[in-house]
Amino acid sequence: MKLPRAATRRRVILTTTIALLSTLVLSTTAPVSSALADQTYEPIQGRGSTWSSGAIDQWRGAVANQMSVNYTADGSSDGRANFITKIVDFAVSEIPFQTNPTDGSTPEQPGTDFAYMPIVAGGTSFMYNLKIGGKRVTNLRLSGETIAKIFTGKITKWNDPQIAGDNPGLAMPDKTITPVVRSDGSGSSAQFSLWMVNQYPQIWNDFCNSGVGCAAGSMTSQYPVFPGAKGQAKSDGVAGYVAQDYGEGAITYVEYSYPLKAKFPVAKVLNSSGYYIEPTASSVAVGMLGAAIKDDLTQDLGGVYNNSDPRAYPLSSYSYLIVPTSAPRGVFTEGHGRTLAAFAKYSLCEGQQQVGLLGYSPLPMNLVQAGFSQIRRIPGGGQLDLDINSCNNPTFKPGDSLESNQLAITAPQPAACDKKGPDQCTTGTAGAPDETPISGSGNGGGSSDAGVNAGKAGAGTAATTAAGGSSSLATDAVYDENGQLVSAAAGGGTAVSAPFTLASESFGISQGLMLAAVALLLLGVFLPPFLSRKLRRSSSSPR
Amino acid sequence: MSAVTFTPRADVRSTPPASGPRRIAPRAHIADRIFQSVAVSAGAVTVSIMLAVGLFLSLRAKDALVVAGPSFLFEQAWSPETGVFGIAAVLFGTVSIALVAMSVSVPLALGTSLLISEVLRGRLQRTLISIVDLMAAVPSVVFGLWGVFFLQAGIIPVSQWISTYFGWIPIFAVTGADGARLTEASAVTSSAFIAGLVVALMVVPTQTSVMREAFSQAPVGEREGALALGSTRFGMIRAVVLPFGRGGIIGGTMLGLGRALGETIAVYMIISPIFTINWEVLKTGSNSVSALIALRYGESSDFGLSALMAAGLVLFLVTLVINFTASSIVARSRSGASS
Amino acid sequence: MTTLLPGAPDRTETTEVIAPAATRIAPTRTGITVIPLRDGVAPAERRALSTVTTSSVFDVVGALAGGAALATLLFGWFAPLTGVVGWLLVAFVSFLLIYTVLASFTSTREEILDRVVTVLLGSAGTILIAALVFVVAFTIIRGSEALPHINFFLQTMETTGPLDPIDSGGIAHAVVGTLIQISIALAITIPLGVTTAVFLNEVGGPFARFVRTVSDAMTALPSIVAGLFVYAAVISLITHQRSGFAASLAITVMMLPIVIRASDVVLRLVPGNLREAAYALGTSRWRTVWHVVLPTSRSGLVTAVILGTARGIGETSPVLLTSGVTAVMNINPFQGPMISLPLQVFTFIKSPEPGMIARGFGTAAVLILLVLLLFVIARTIGGRGPGQLTERQLMHARAESMADVARMSARRATLSPLGHDRGLAVPPEPAPETEDIK
């Protein structure tokens, strides 16, 4: 029987479609196999910390020509959980596995076939968004106790005497502080709460005992979103919230690289020698000289918090790569191990060259050396050529002794105006290099690392808005919560604006007058038509 | 006579009752049998996939539910790691966001659907129908983007305005822990109100579509009758269209409600998750089951995952009840009977 | 219940097509009274009720101007009010008041109510359409910073660091990921979904009712829960890694009930007499479905699938849990993470850097345009009801029937001399081209 034409055509179309599809499938699978043949590195995947993701993203991009490393920054807790379930090749975390948690949570059980390897140092910084008289503050200073009280809800206003005491050069506005904390499980939260547990146990324990959802005397990855605070997910989230216009008055804890990227300032934190220090690469390097490294390479930061060097930043810490030491392990194979080892080597050596620019601090020689021994434990990492002398790391030169750290040696001393006292440096911090004019009672001064900052931020665009002309002159200026100038004592002839929100709840005379005016206006609009109609009707009816 | 001869023949052939359709006794054709079995097995596969989802969720959720017990419904905190967890606060947040969304979207959808079906004619009507239908397909992440980058900042004065002048109504108040009124911009960002507005825009096209569909089916005869009795257009709408389309209104609302409860990304991007019940919708801090899952799934241990499954299961059951209620209401209504 | 799918094909027809009675009513024979089908059939064109007179236009315009002026006065001079939104609100309320007063000059109370309600409906529509169009326009305008860069479509984010300018890196990997994921999801959903819908309509029985209930129930499944299911059941237990395939499975679980439901509605619209005709010709069940039911509802099915696809492409939450995030091109769905467009948007805009946010908006704009394209395709194909043909299909069908006529008359010509008068009453071969003629 002759096939009808339509059926023939349909069959032809069908065959062509199948042919096209199969060529498509072939063409898509072909590059994979050829690529695998050419390239000795298999793609690997990792998850974890957002704290150190800036550095990892940089390395990932730099080695992309040779190997494909996928990294998802979803928080340290996420990285560790995924490592336990073996669905990633590696994890990145600020804190080790919580095998003996003290806050009553169930222990993490990672097994034994893994190793910690420090990859980068950095400072947990306090990024904030604050304006005085419409001009962004870039030189805020805070003591550790103030910070602890802010993040436990004890200090709620920017003009709190304790903050004002830290900042003699700033007339702090009467504005509510919005502490922005991480809503997901995070290594930053863990490091920050560990610091509070260690340094200000009383404040932390009072906080936890008030029933906000943490255990007294124990650090937590899940920072409680206490009343008055705002929870945001990931480092991106907290930094992003603070950087919004409506984030004015907000402060958060986040790695130094985020305010750099977002072009925002960070608070200088008071160290144990009485200097307010910004978490630059060198001050973190100095701070980390106080860290005690345990056998499994994890850190004990007690010495960092109380490092007596005037250049040290107290909230410095290392971030860790967690690597498997046996294969196969879930998705991890020896082939993946080779990629992971090569990537780890790159990150310890050449990779450290760029981290300073990003807002981290490169690893010192002893940790690179120790990291090498961990790389050798990665299956597939044995045949890698690991020579400390060919390692192009900025903290040491070939032949240096293990303990030396070039960065720490060359770190500048803090400026005199950074010392606790009546003077306050006006130089900007982190991503906001603009100077902040003196508005308080203190005197100004230039910070030594100002130039470093400006260069580091690479920022052409200043995020500040034009200052309200009189604000730098008026010594006794009073600002309302929006940072608007309410009254300026010495600002002769300055226009003083009425604040938007009604100052008092009470129904005053002015309100009554306004209401009467409104009522009159409405009457004026709506009465005439009615009246005219009435009048017309009454005038026309007699006729 | 002929009838007498006819009847036995019918008996012999066992003709089916004359009223019903003729019964077809098909030959057991091989192709037909294959077709039948393929169709049945497709149905079986579909059902098994879906039952697998339901069963798996229930089984995995069991661990957490056994540990939490009935307090799962009443506990506000969420800390499966320490064994203290419940969905009271999370579910409350979910519902409050959905209710805010409904209170904005239902009037808008009702008005727009009446506008399209009753007022507009011709090209404008067709264009509007297309726009609304197209908007129903816009990805939710787009609405989330708009919410975060435009609405969040733009809505602050509105929230402040409402809380200033209507703060005496408890749910519109914005107060701090000590009961004092908050006027800061930061006190009204990341709130259930903002998330609700975004979700409202997301569901309103679907609701409009369903309602317009119902209204457009109102019988012309009844419309003509109402008009002939001298009613105005609104009189006709009130007397004919609205009663006829009641099923559509309820169905559309419920459908939107179901989607609003399950919305993840936009809510995740906007809210500041808290684990306490917050009655003040304008105040910062809310939560939703789906946002909680998106936030915590990765870092959860096995047990934590089980707790999230339990939360997901509760959400599923809630939307299920809403969907079935909606479909039964619509099926019983006049407008819903035809489709 | 009406269909869950927005804009499912049966929607628009009912309002627009006032069907001539002949198409809906079964063919009548003379002498038999036929009760016309009342369901959804309009006896006549609906009356146009709008009465636009010059004065009513002036009323609206005047009230608008008056409302705006009054609000400005209140804001500028009389009351302590600020803010654009407050102004809009006050202006709207004053507009309504003034309009009511104006209307009251000429109308009775019923008419006033009618006019005010009409204005309210108009404003609801305006607000809604304006808001929706604004959402889309906002995304596209903010995205236009990234869109003009050709590299945005051709490159991946593999070598692009956080600080690189916008003319480096792109979203090619996300586009490819989306296409692969949705293709796999469709490869599962279309056969399974349409076959299930056929099962529901053509086979029936208690099991079919059960299947329909279950799939209706599954439309209520929140998409994040579908993702969580795949994460816990497939990734944690079986594959041990996030992959494009896992994401496809999550999308499938989400899309399947939608497609089944929409196809079910479409298949239900196939006129029963077509089936009856096919059966009457002795066609088997399978051939009836393949040659009559499916071709008749082809456009509707395509629309159902495309609209389901649009939903599937745009869903972020299931892929957030299952696909993993990557910056490199991955065309192997079974190995390694594979990002898709919505997830890429989500990843980009989490970043505080303006460049990344611009890329995020650009990606969202691409996503919108993709959905828009799918929607337009769906409208072009599905704008017609079952059995309605395009010009080309019509020409084709005509040509086919002409060929049939020629063939039959040729046959008749050869048969007639032999005296077979009933030659045409019993066609020599059952017409295989039922669906083409239709």
# chains A, B, ... in the order shown; residues from 1 in each chain; ligands from 1
$ closest_atom_pairs --of "chain C" --to "chain A" --cutoff "8 Å" --atoms "only C-alpha atoms" --output "CSV"
residue,atom,partner,partner_atom,distance
C:Leu74,CA,A:Val518,CA,6.9
C:Phe78,CA,A:Val518,CA,5.9
C:Ala79,CA,A:Met514,CA,5.5
C:Pro80,CA,A:Met514,CA,7.7
C:Thr82,CA,A:Phe500,CA,7.8
C:Ile98,CA,A:Phe526,CA,7.8
C:Val101,CA,A:Phe526,CA,7.9
C:Glu158,CA,A:Gly61,CA,5.8
C:Thr159,CA,A:Gly61,CA,4.2
C:Thr160,CA,A:Gly61,CA,6.1
C:Gly161,CA,A:Gln58,CA,5.7
C:Pro162,CA,A:Gln58,CA,7.4
C:Leu163,CA,A:Lys261,CA,7.7
C:Ile235,CA,A:Ile87,CA,7.8
C:Ser236,CA,A:Thr85,CA,7.0
C:His240,CA,A:Ile87,CA,4.8
C:Gln241,CA,A:Ile87,CA,4.7
C:Arg242,CA,A:Ile87,CA,7.4
C:Gly324,CA,A:Thr72,CA,7.4
C:Val325,CA,A:Thr72,CA,5.8
C:Thr326,CA,A:Asn70,CA,5.4
C:Ala327,CA,A:Asn70,CA,7.0
C:Val328,CA,A:Ser68,CA,7.4
C:Ile331,CA,A:Thr28,CA,6.8
C:Asn332,CA,A:Thr29,CA,7.5
C:Gly336,CA,A:Gln45,CA,7.4
C:Pro337,CA,A:Asn70,CA,7.8
C:Lys350,CA,A:Asp236,CA,5.6
C:Ser351,CA,A:Asp236,CA,5.2
C:Pro352,CA,A:Gly240,CA,4.9
C:Glu353,CA,A:Ala262,CA,5.8
$ residues_around --residues "Ala64 of chain B" --least-positions-apart "2" --cutoff "9 Å" --atoms "only C-alpha atoms" --output "list in words"
Arg60, Ala61, Lys62, Val66, Val67, Ala68, Gly69, Phe72, Pro80, Gly83, Phe303, Gly304, Leu305, Ser306, Ala307, Leu308, Met309 and Ala310 of chain B
$ interface_residues --of "chain B" --to "chain C" --cutoff "7 Å" --atoms "only C-alpha atoms" --output "JSON list (two decimals) with N, CA and C atoms, in the first residue's frame"
[["chain", "number", "residue", "atom", "x", "y", "z"],
["B", 31, "ALA", "N", -2.82, -4.21, 19.59],
["B", 31, "ALA", "CA", -2.38, -2.82, 19.74],
["B", 31, "ALA", "C", -3.17, -2.12, 20.83],
["B", 32, "ASP", "N", -4.46, -2.45, 20.89],
["B", 32, "ASP", "CA", -5.28, -1.85, 21.92],
["B", 32, "ASP", "C", -4.85, -2.28, 23.30],
["B", 35, "PHE", "N", -1.83, -0.45, 24.15],
["B", 35, "PHE", "CA", -2.17, 0.93, 24.47],
["B", 35, "PHE", "C", -2.72, 1.04, 25.88],
["B", 39, "ALA", "N", -1.05, 3.06, 28.93],
["B", 39, "ALA", "CA", -1.75, 4.17, 29.59],
["B", 39, "ALA", "C", -1.86, 3.90, 31.09],
["B", 40, "VAL", "N", -2.25, 2.67, 31.43],
["B", 40, "VAL", "CA", -2.39, 2.36, 32.85],
["B", 40, "VAL", "C", -1.05, 2.47, 33.55],
["B", 42, "ALA", "N", 1.46, 4.33, 32.72],
["B", 42, "ALA", "CA", 1.84, 5.74, 32.87],
["B", 42, "ALA", "C", 1.16, 6.31, 34.10],
["B", 43, "GLY", "N", -0.14, 6.00, 34.23],
["B", 43, "GLY", "CA", -0.85, 6.47, 35.41],
["B", 43, "GLY", "C", -0.23, 5.92, 36.67],
["B", 47, "VAL", "N", 1.42, 8.06, 39.68],
["B", 47, "VAL", "CA", 0.95, 7.92, 41.06],
["B", 47, "VAL", "C", 2.08, 7.46, 41.97],
["B", 50, "MET", "N", 4.38, 10.27, 42.82],
["B", 50, "MET", "CA", 3.81, 11.23, 43.76],
["B", 50, "MET", "C", 3.62, 10.61, 45.14],
["B", 53, "VAL", "N", 6.92, 10.62, 46.85],
["B", 53, "VAL", "CA", 7.25, 11.90, 47.48],
["B", 53, "VAL", "C", 6.56, 12.00, 48.84],
["B", 57, "LEU", "N", 8.54, 11.78, 52.40],
["B", 57, "LEU", "CA", 8.47, 12.93, 53.32],
["B", 57, "LEU", "C", 7.95, 12.49, 54.68],
["B", 108, "LEU", "N", -7.43, 43.72, 44.39],
["B", 108, "LEU", "CA", -6.87, 44.07, 43.08],
["B", 108, "LEU", "C", -7.35, 43.09, 42.02],
["B", 111, "GLY", "N", -11.11, 43.58, 41.32],
["B", 111, "GLY", "CA", -11.35, 44.77, 40.52],
["B", 111, "GLY", "C", -10.90, 44.59, 39.08],
["B", 112, "THR", "N", -9.69, 44.06, 38.92],
["B", 112, "THR", "CA", -9.17, 43.92, 37.56],
["B", 112, "THR", "C", -9.97, 42.92, 36.75],
["B", 114, "LEU", "N", -13.10, 42.12, 37.11],
["B", 114, "LEU", "CA", -14.38, 42.73, 36.73],
["B", 114, "LEU", "C", -14.18, 43.76, 35.63],
["B", 115, "LEU", "N", -13.09, 44.52, 35.75],
["B", 115, "LEU", "CA", -12.79, 45.52, 34.71],
["B", 115, "LEU", "C", -12.65, 44.84, 33.36],
["B", 119, "VAL", "N", -16.16, 45.74, 31.86],
["B", 119, "VAL", "CA", -16.08, 47.13, 31.40],
["B", 119, "VAL", "C", -15.42, 47.23, 30.04],
["B", 133, "ASP", "N", -2.10, 37.15, 31.83],
["B", 133, "ASP", "CA", -1.68, 35.75, 31.71],
["B", 133, "ASP", "C", -0.17, 35.63, 31.63],
["B", 134, "LEU", "N", 0.44, 36.57, 30.93],
["B", 134, "LEU", "CA", 1.90, 36.53, 30.81],
["B", 134, "LEU", "C", 2.55, 36.74, 32.17],
["B", 135, "MET", "N", 1.98, 37.65, 32.96],
["B", 135, "MET", "CA", 2.57, 37.95, 34.25],
["B", 135, "MET", "C", 2.53, 36.74, 35.18],
["B", 136, "ALA", "N", 1.54, 35.87, 34.95],
["B", 136, "ALA", "CA", 1.46, 34.67, 35.79],
["B", 136, "ALA", "C", 2.66, 33.77, 35.55],
["B", 137, "ALA", "N", 3.33, 33.94, 34.41],
["B", 137, "ALA", "CA", 4.47, 33.08, 34.10],
["B", 137, "ALA", "C", 5.80, 33.71, 34.46],
["B", 138, "VAL", "N", 5.79, 34.97, 34.92],
["B", 138, "VAL", "CA", 7.06, 35.62, 35.27],
["B", 138, "VAL", "C", 7.67, 34.91, 36.48],
["B", 139, "PRO", "N", 8.94, 34.54, 36.39],
["B", 139, "PRO", "CA", 9.58, 33.78, 37.48],
["B", 139, "PRO", "C", 9.56, 34.55, 38.79],
["B", 140, "SER", "N", 9.43, 33.81, 39.89],
["B", 140, "SER", "CA", 9.29, 34.46, 41.18],
["B", 140, "SER", "C", 10.57, 35.20, 41.58],
["B", 141, "VAL", "N", 11.72, 34.76, 41.06],
["B", 141, "VAL", "CA", 12.96, 35.41, 41.45],
["B", 141, "VAL", "C", 12.97, 36.85, 40.95],
["B", 142, "VAL", "N", 12.26, 37.11, 39.85],
["B", 142, "VAL", "CA", 12.18, 38.47, 39.33],
["B", 142, "VAL", "C", 11.42, 39.36, 40.31],
["B", 143, "PHE", "N", 10.32, 38.84, 40.84],
["B", 143, "PHE", "CA", 9.59, 39.60, 41.84],
["B", 143, "PHE", "C", 10.45, 39.82, 43.09],
["B", 146, "TRP", "N", 12.85, 42.65, 42.47],
["B", 146, "TRP", "CA", 12.16, 43.93, 42.55],
["B", 146, "TRP", "C", 11.88, 44.28, 44.01],
["B", 157, "PRO", "N", 8.66, 54.69, 53.81],
["B", 157, "PRO", "CA", 7.78, 55.78, 54.24],
["B", 157, "PRO", "C", 6.35, 55.31, 54.46],
["B", 158, "VAL", "N", 5.88, 54.40, 53.61],
["B", 158, "VAL", "CA", 4.50, 53.92, 53.75],
["B", 158, "VAL", "C", 4.34, 53.19, 55.08],
["B", 206, "THR", "N", -2.57, 35.09, 38.64],
["B", 206, "THR", "CA", -3.29, 33.82, 38.66],
["B", 206, "THR", "C", -4.71, 34.02, 39.16],
["B", 209, "SER", "N", -6.86, 35.73, 36.58],
["B", 209, "SER", "CA", -7.24, 34.82, 35.50],
["B", 209, "SER", "C", -8.43, 33.96, 35.90],
["B", 213, "GLU", "N", -12.23, 34.35, 34.36],
["B", 213, "GLU", "CA", -12.81, 33.19, 33.69],
["B", 213, "GLU", "C", -14.21, 32.93, 34.22],
["B", 216, "SER", "N", -16.70, 35.76, 33.22],
["B", 216, "SER", "CA", -17.04, 35.83, 31.80],
["B", 216, "SER", "C", -18.08, 34.77, 31.43],
["B", 217, "GLN", "N", -18.24, 33.78, 32.31],
["B", 217, "GLN", "CA", -19.21, 32.75, 31.99],
["B", 217, "GLN", "C", -20.61, 33.05, 32.52],
["B", 220, "VAL", "N", -25.55, 35.35, 29.64],
["B", 220, "VAL", "CA", -25.94, 36.62, 29.05],
["B", 220, "VAL", "C", -27.41, 36.88, 29.29],
["B", 232, "THR", "N", -28.25, 49.39, 36.71],
["B", 232, "THR", "CA", -27.03, 49.93, 36.12],
["B", 232, "THR", "C", -26.04, 48.80, 35.94],
["B", 233, "ARG", "N", -24.84, 49.14, 35.40],
["B", 233, "ARG", "CA", -23.84, 48.09, 35.21],
["B", 233, "ARG", "C", -23.44, 47.49, 36.55],
["B", 234, "PHE", "N", -23.25, 48.37, 37.53],
["B", 234, "PHE", "CA", -22.85, 47.83, 38.83],
["B", 234, "PHE", "C", -23.99, 47.02, 39.44],
["B", 258, "GLY", "N", -2.67, 29.27, 48.28],
["B", 258, "GLY", "CA", -1.81, 28.10, 48.25],
["B", 258, "GLY", "C", -0.43, 28.45, 47.73],
["B", 262, "GLY", "N", 3.47, 28.72, 49.77],
["B", 262, "GLY", "CA", 4.64, 27.93, 49.37],
["B", 262, "GLY", "C", 5.76, 28.75, 48.78],
["B", 264, "THR", "N", 8.99, 30.71, 48.07],
["B", 264, "THR", "CA", 10.27, 30.61, 48.78],
["B", 264, "THR", "C", 11.16, 31.81, 48.56],
["B", 265, "ILE", "N", 11.58, 31.97, 47.30],
["B", 265, "ILE", "CA", 12.74, 32.80, 47.02],
["B", 265, "ILE", "C", 12.51, 34.27, 47.38],
["B", 290, "SER", "N", 9.04, 27.66, 53.91],
["B", 290, "SER", "CA", 9.89, 27.39, 52.75],
["B", 290, "SER", "C", 11.21, 28.16, 52.84],
["B", 312, "GLY", "N", 8.13, 20.86, 56.16],
["B", 312, "GLY", "CA", 7.66, 20.85, 54.78],
["B", 312, "GLY", "C", 6.36, 20.07, 54.66],
["B", 316, "PHE", "N", 2.83, 21.32, 53.28],
["B", 316, "PHE", "CA", 2.17, 20.59, 52.21],
["B", 316, "PHE", "C", 0.73, 20.28, 52.58],
["B", 319, "THR", "N", -1.42, 23.46, 52.38],
["B", 319, "THR", "CA", -1.78, 23.84, 51.01],
["B", 319, "THR", "C", -2.73, 22.81, 50.41],
["B", 320, "LEU", "N", -2.55, 21.56, 50.78],
["B", 320, "LEU", "CA", -3.42, 20.50, 50.27],
["B", 320, "LEU", "C", -4.87, 20.75, 50.69],
["B", 323, "ASN", "N", -6.21, 23.67, 48.76],
["B", 323, "ASN", "CA", -6.50, 23.36, 47.36],
["B", 323, "ASN", "C", -7.77, 22.53, 47.21],
["B", 327, "SER", "N", -11.18, 23.47, 45.36],
["B", 327, "SER", "CA", -11.74, 22.78, 44.20],
["B", 327, "SER", "C", -13.13, 22.26, 44.50],
["B", 330, "VAL", "N", -15.40, 25.32, 44.14],
["B", 330, "VAL", "CA", -15.55, 25.71, 42.75],
["B", 330, "VAL", "C", -16.40, 24.70, 42.00],
["B", 331, "ALA", "N", -16.19, 23.42, 42.29],
["B", 331, "ALA", "CA", -16.95, 22.40, 41.58],
["B", 331, "ALA", "C", -18.43, 22.50, 41.88],
["B", 336, "GLY", "N", -18.29, 26.96, 38.13],
["B", 336, "GLY", "CA", -17.23, 25.95, 38.04],
["B", 336, "GLY", "C", -17.70, 24.65, 37.42],
["B", 338, "SER", "N", -18.88, 23.84, 34.60],
["B", 338, "SER", "CA", -18.66, 23.53, 33.19],
["B", 338, "SER", "C", -17.25, 23.08, 32.89],
["B", 339, "SER", "N", -16.30, 23.43, 33.70],
["B", 339, "SER", "CA", -14.93, 23.09, 33.31],
["B", 339, "SER", "C", -14.33, 22.04, 34.21]]
$ interface_residues --of "chain A" --to "chain B" --cutoff "8 Å" --atoms "only C-alpha atoms" --output "VMD selection string"
chain A and resid 74 to 75 77 to 82 103 to 106 108 175 to 176 178 183 to 185 213 225 227 to 228 230 to 233 245 to 250 481 501
$ write_last_selection --atoms "N, CA and C atoms" --output "CSV table (one decimal), in the first residue's frame"
chain,number,residue,atom,x,y,z
A,74,ASP,N,28.2,28.7,51.1
A,74,ASP,CA,26.9,28.7,51.8
A,74,ASP,C,27.0,28.6,53.3
A,75,GLY,N,28.2,28.9,53.8
A,75,GLY,CA,28.4,28.9,55.2
A,75,GLY,C,29.2,27.7,55.7
A,77,SER,N,28.9,25.9,58.3
A,77,SER,CA,28.1,24.8,58.8
A,77,SER,C,27.6,23.9,57.7
A,78,ASP,N,27.2,24.6,56.6
A,78,ASP,CA,26.8,23.9,55.4
A,78,ASP,C,28.0,23.1,54.8
A,79,GLY,N,29.2,23.7,54.8
A,79,GLY,CA,30.3,22.9,54.3
A,79,GLY,C,30.6,21.7,55.1
A,80,ARG,N,30.6,21.8,56.4
A,80,ARG,CA,30.9,20.7,57.2
A,80,ARG,C,29.9,19.6,57.1
A,81,ALA,N,28.6,20.0,57.0
A,81,ALA,CA,27.5,19.0,56.9
A,81,ALA,C,27.6,18.3,55.6
A,82,ASN,N,28.0,19.0,54.5
A,82,ASN,CA,28.1,18.4,53.2
A,82,ASN,C,29.3,17.5,53.2
A,103,ASP,N,27.3,23.3,73.5
A,103,ASP,CA,26.0,24.0,73.6
A,103,ASP,C,24.8,23.1,73.6
A,104,GLY,N,25.1,21.8,73.8
A,104,GLY,CA,24.0,20.8,73.8
A,104,GLY,C,23.5,20.3,72.5
A,105,SER,N,24.2,20.7,71.4
A,105,SER,CA,23.7,20.2,70.1
A,105,SER,C,24.3,18.9,69.8
A,106,THR,N,23.8,18.2,68.9
A,106,THR,CA,24.3,16.8,68.6
A,106,THR,C,25.7,16.9,67.9
A,108,GLU,N,28.9,16.5,65.6
A,108,GLU,CA,29.1,16.2,64.2
A,108,GLU,C,30.1,15.0,64.2
A,175,LYS,N,20.5,57.7,67.3
A,175,LYS,CA,19.9,56.8,66.3
A,175,LYS,C,20.0,55.3,66.8
A,176,THR,N,19.0,54.5,66.6
A,176,THR,CA,19.1,53.2,67.0
A,176,THR,C,20.1,52.3,66.3
A,178,THR,N,21.2,49.0,64.6
A,178,THR,CA,20.6,47.7,64.1
A,178,THR,C,21.8,46.7,64.0
A,183,SER,N,21.9,34.7,59.8
A,183,SER,CA,20.7,33.8,60.1
A,183,SER,C,21.0,32.4,59.8
A,184,ASP,N,22.0,32.1,59.1
A,184,ASP,CA,22.4,30.7,58.8
A,184,ASP,C,23.5,30.3,59.6
A,185,GLY,N,23.8,29.0,59.6
A,185,GLY,CA,24.9,28.5,60.4
A,185,GLY,C,26.3,29.0,59.8
A,213,GLY,N,18.3,32.0,72.8
A,213,GLY,CA,18.5,30.8,72.0
A,213,GLY,C,20.0,30.5,71.8
A,225,VAL,N,18.9,35.6,66.6
A,225,VAL,CA,18.4,36.9,66.1
A,225,VAL,C,17.6,37.5,67.3
A,227,PRO,N,15.8,40.4,69.9
A,227,PRO,CA,15.0,41.5,69.6
A,227,PRO,C,15.8,42.8,69.3
A,228,GLY,N,15.5,43.4,68.2
A,228,GLY,CA,16.3,44.6,67.8
A,228,GLY,C,17.3,44.3,66.7
A,230,LYS,N,18.8,42.1,63.3
A,230,LYS,CA,18.2,41.6,62.0
A,230,LYS,C,19.1,40.5,61.5
A,231,GLY,N,18.4,39.4,61.1
A,231,GLY,CA,19.1,38.3,60.6
A,231,GLY,C,19.2,38.3,59.1
A,232,GLN,N,20.3,38.0,58.5
A,232,GLN,CA,20.4,37.9,57.0
A,232,GLN,C,21.3,36.7,56.7
A,233,ALA,N,21.0,36.1,55.6
A,233,ALA,CA,21.8,34.9,55.3
A,233,ALA,C,23.1,35.2,54.6
A,245,ASP,N,20.7,51.8,51.5
A,245,ASP,CA,20.4,53.1,52.1
A,245,ASP,C,19.6,52.9,53.4
A,246,TYR,N,18.7,52.0,53.4
A,246,TYR,CA,17.9,51.8,54.6
A,246,TYR,C,18.7,51.1,55.7
A,247,GLY,N,19.9,50.7,55.4
A,247,GLY,CA,20.8,50.0,56.4
A,247,GLY,C,21.5,51.0,57.3
A,248,GLU,N,21.1,52.3,57.1
A,248,GLU,CA,21.8,53.3,58.0
A,248,GLU,C,21.6,53.0,59.4
A,249,GLY,N,22.6,53.0,60.2
A,249,GLY,CA,22.5,52.7,61.6
A,249,GLY,C,22.8,51.2,61.9
A,250,ALA,N,23.1,50.5,60.8
A,250,ALA,CA,23.3,49.0,61.0
A,250,ALA,C,24.8,48.8,61.1
A,481,GLU,N,17.6,61.4,64.8
A,481,GLU,CA,17.9,60.0,64.4
A,481,GLU,C,18.2,59.8,63.0
A,501,THR,N,9.5,63.0,61.4
A,501,THR,CA,8.6,62.4,62.3
A,501,THR,C,8.2,63.3,63.4
$ residues_around --residues "Ile329 of chain B" --least-positions-apart "2" --cutoff "8 Å" --atoms "only C-alpha atoms" --output "PyMOL selection string"
chain B and resi 247+250-251+325-327+331-333
$ write_last_selection --atoms "C-alpha atoms" --output "PDB file, in the first residue's frame"
ATOM      1  CA  GLY B 247     -17.009  29.969  43.107  1.00  0.00           C
ATOM      2  CA  ILE B 250     -13.216  31.744  46.256  1.00  0.00           C
ATOM      3  CA  GLY B 251     -11.320  29.339  44.028  1.00  0.00           C
ATOM      4  CA  THR B 325     -11.411  23.074  49.726  1.00  0.00           C
ATOM      5  CA  ALA B 326     -11.070  25.424  46.797  1.00  0.00           C
ATOM      6  CA  SER B 327     -11.736  22.778  44.198  1.00  0.00           C
ATOM      7  CA  ALA B 331     -16.945  22.401  41.578  1.00  0.00           C
ATOM      8  CA  ARG B 332     -20.172  23.018  43.456  1.00  0.00           C
ATOM      9  CA  SER B 333     -20.551  26.568  42.237  1.00  0.00           C
TER      10      SER B 333
END
$ select_by_dssp --residues "segment 267-344 of chain C" --states "alpha helix (DSSP H)" --output "count of residues only"
45
$ select_by_dssp --residues "segment 107-279 of chain A" --states "strand (DSSP E or B)" --output "NGL selection string"
:A and (114-128 or 131-132 or 135-136 or 141-142 or 157 or 176 or 178-182 or 230-232 or 250-255 or 266 or 268-270 or 275-277)
$ residues_around --residues "segment 244-249 of chain C" --least-positions-apart "3" --cutoff "7 Å" --atoms "only C-alpha atoms" --output "ChimeraX atom specification"
/C:181-182,184-185,230,252-253,318-319,322-323,333-334,337-338
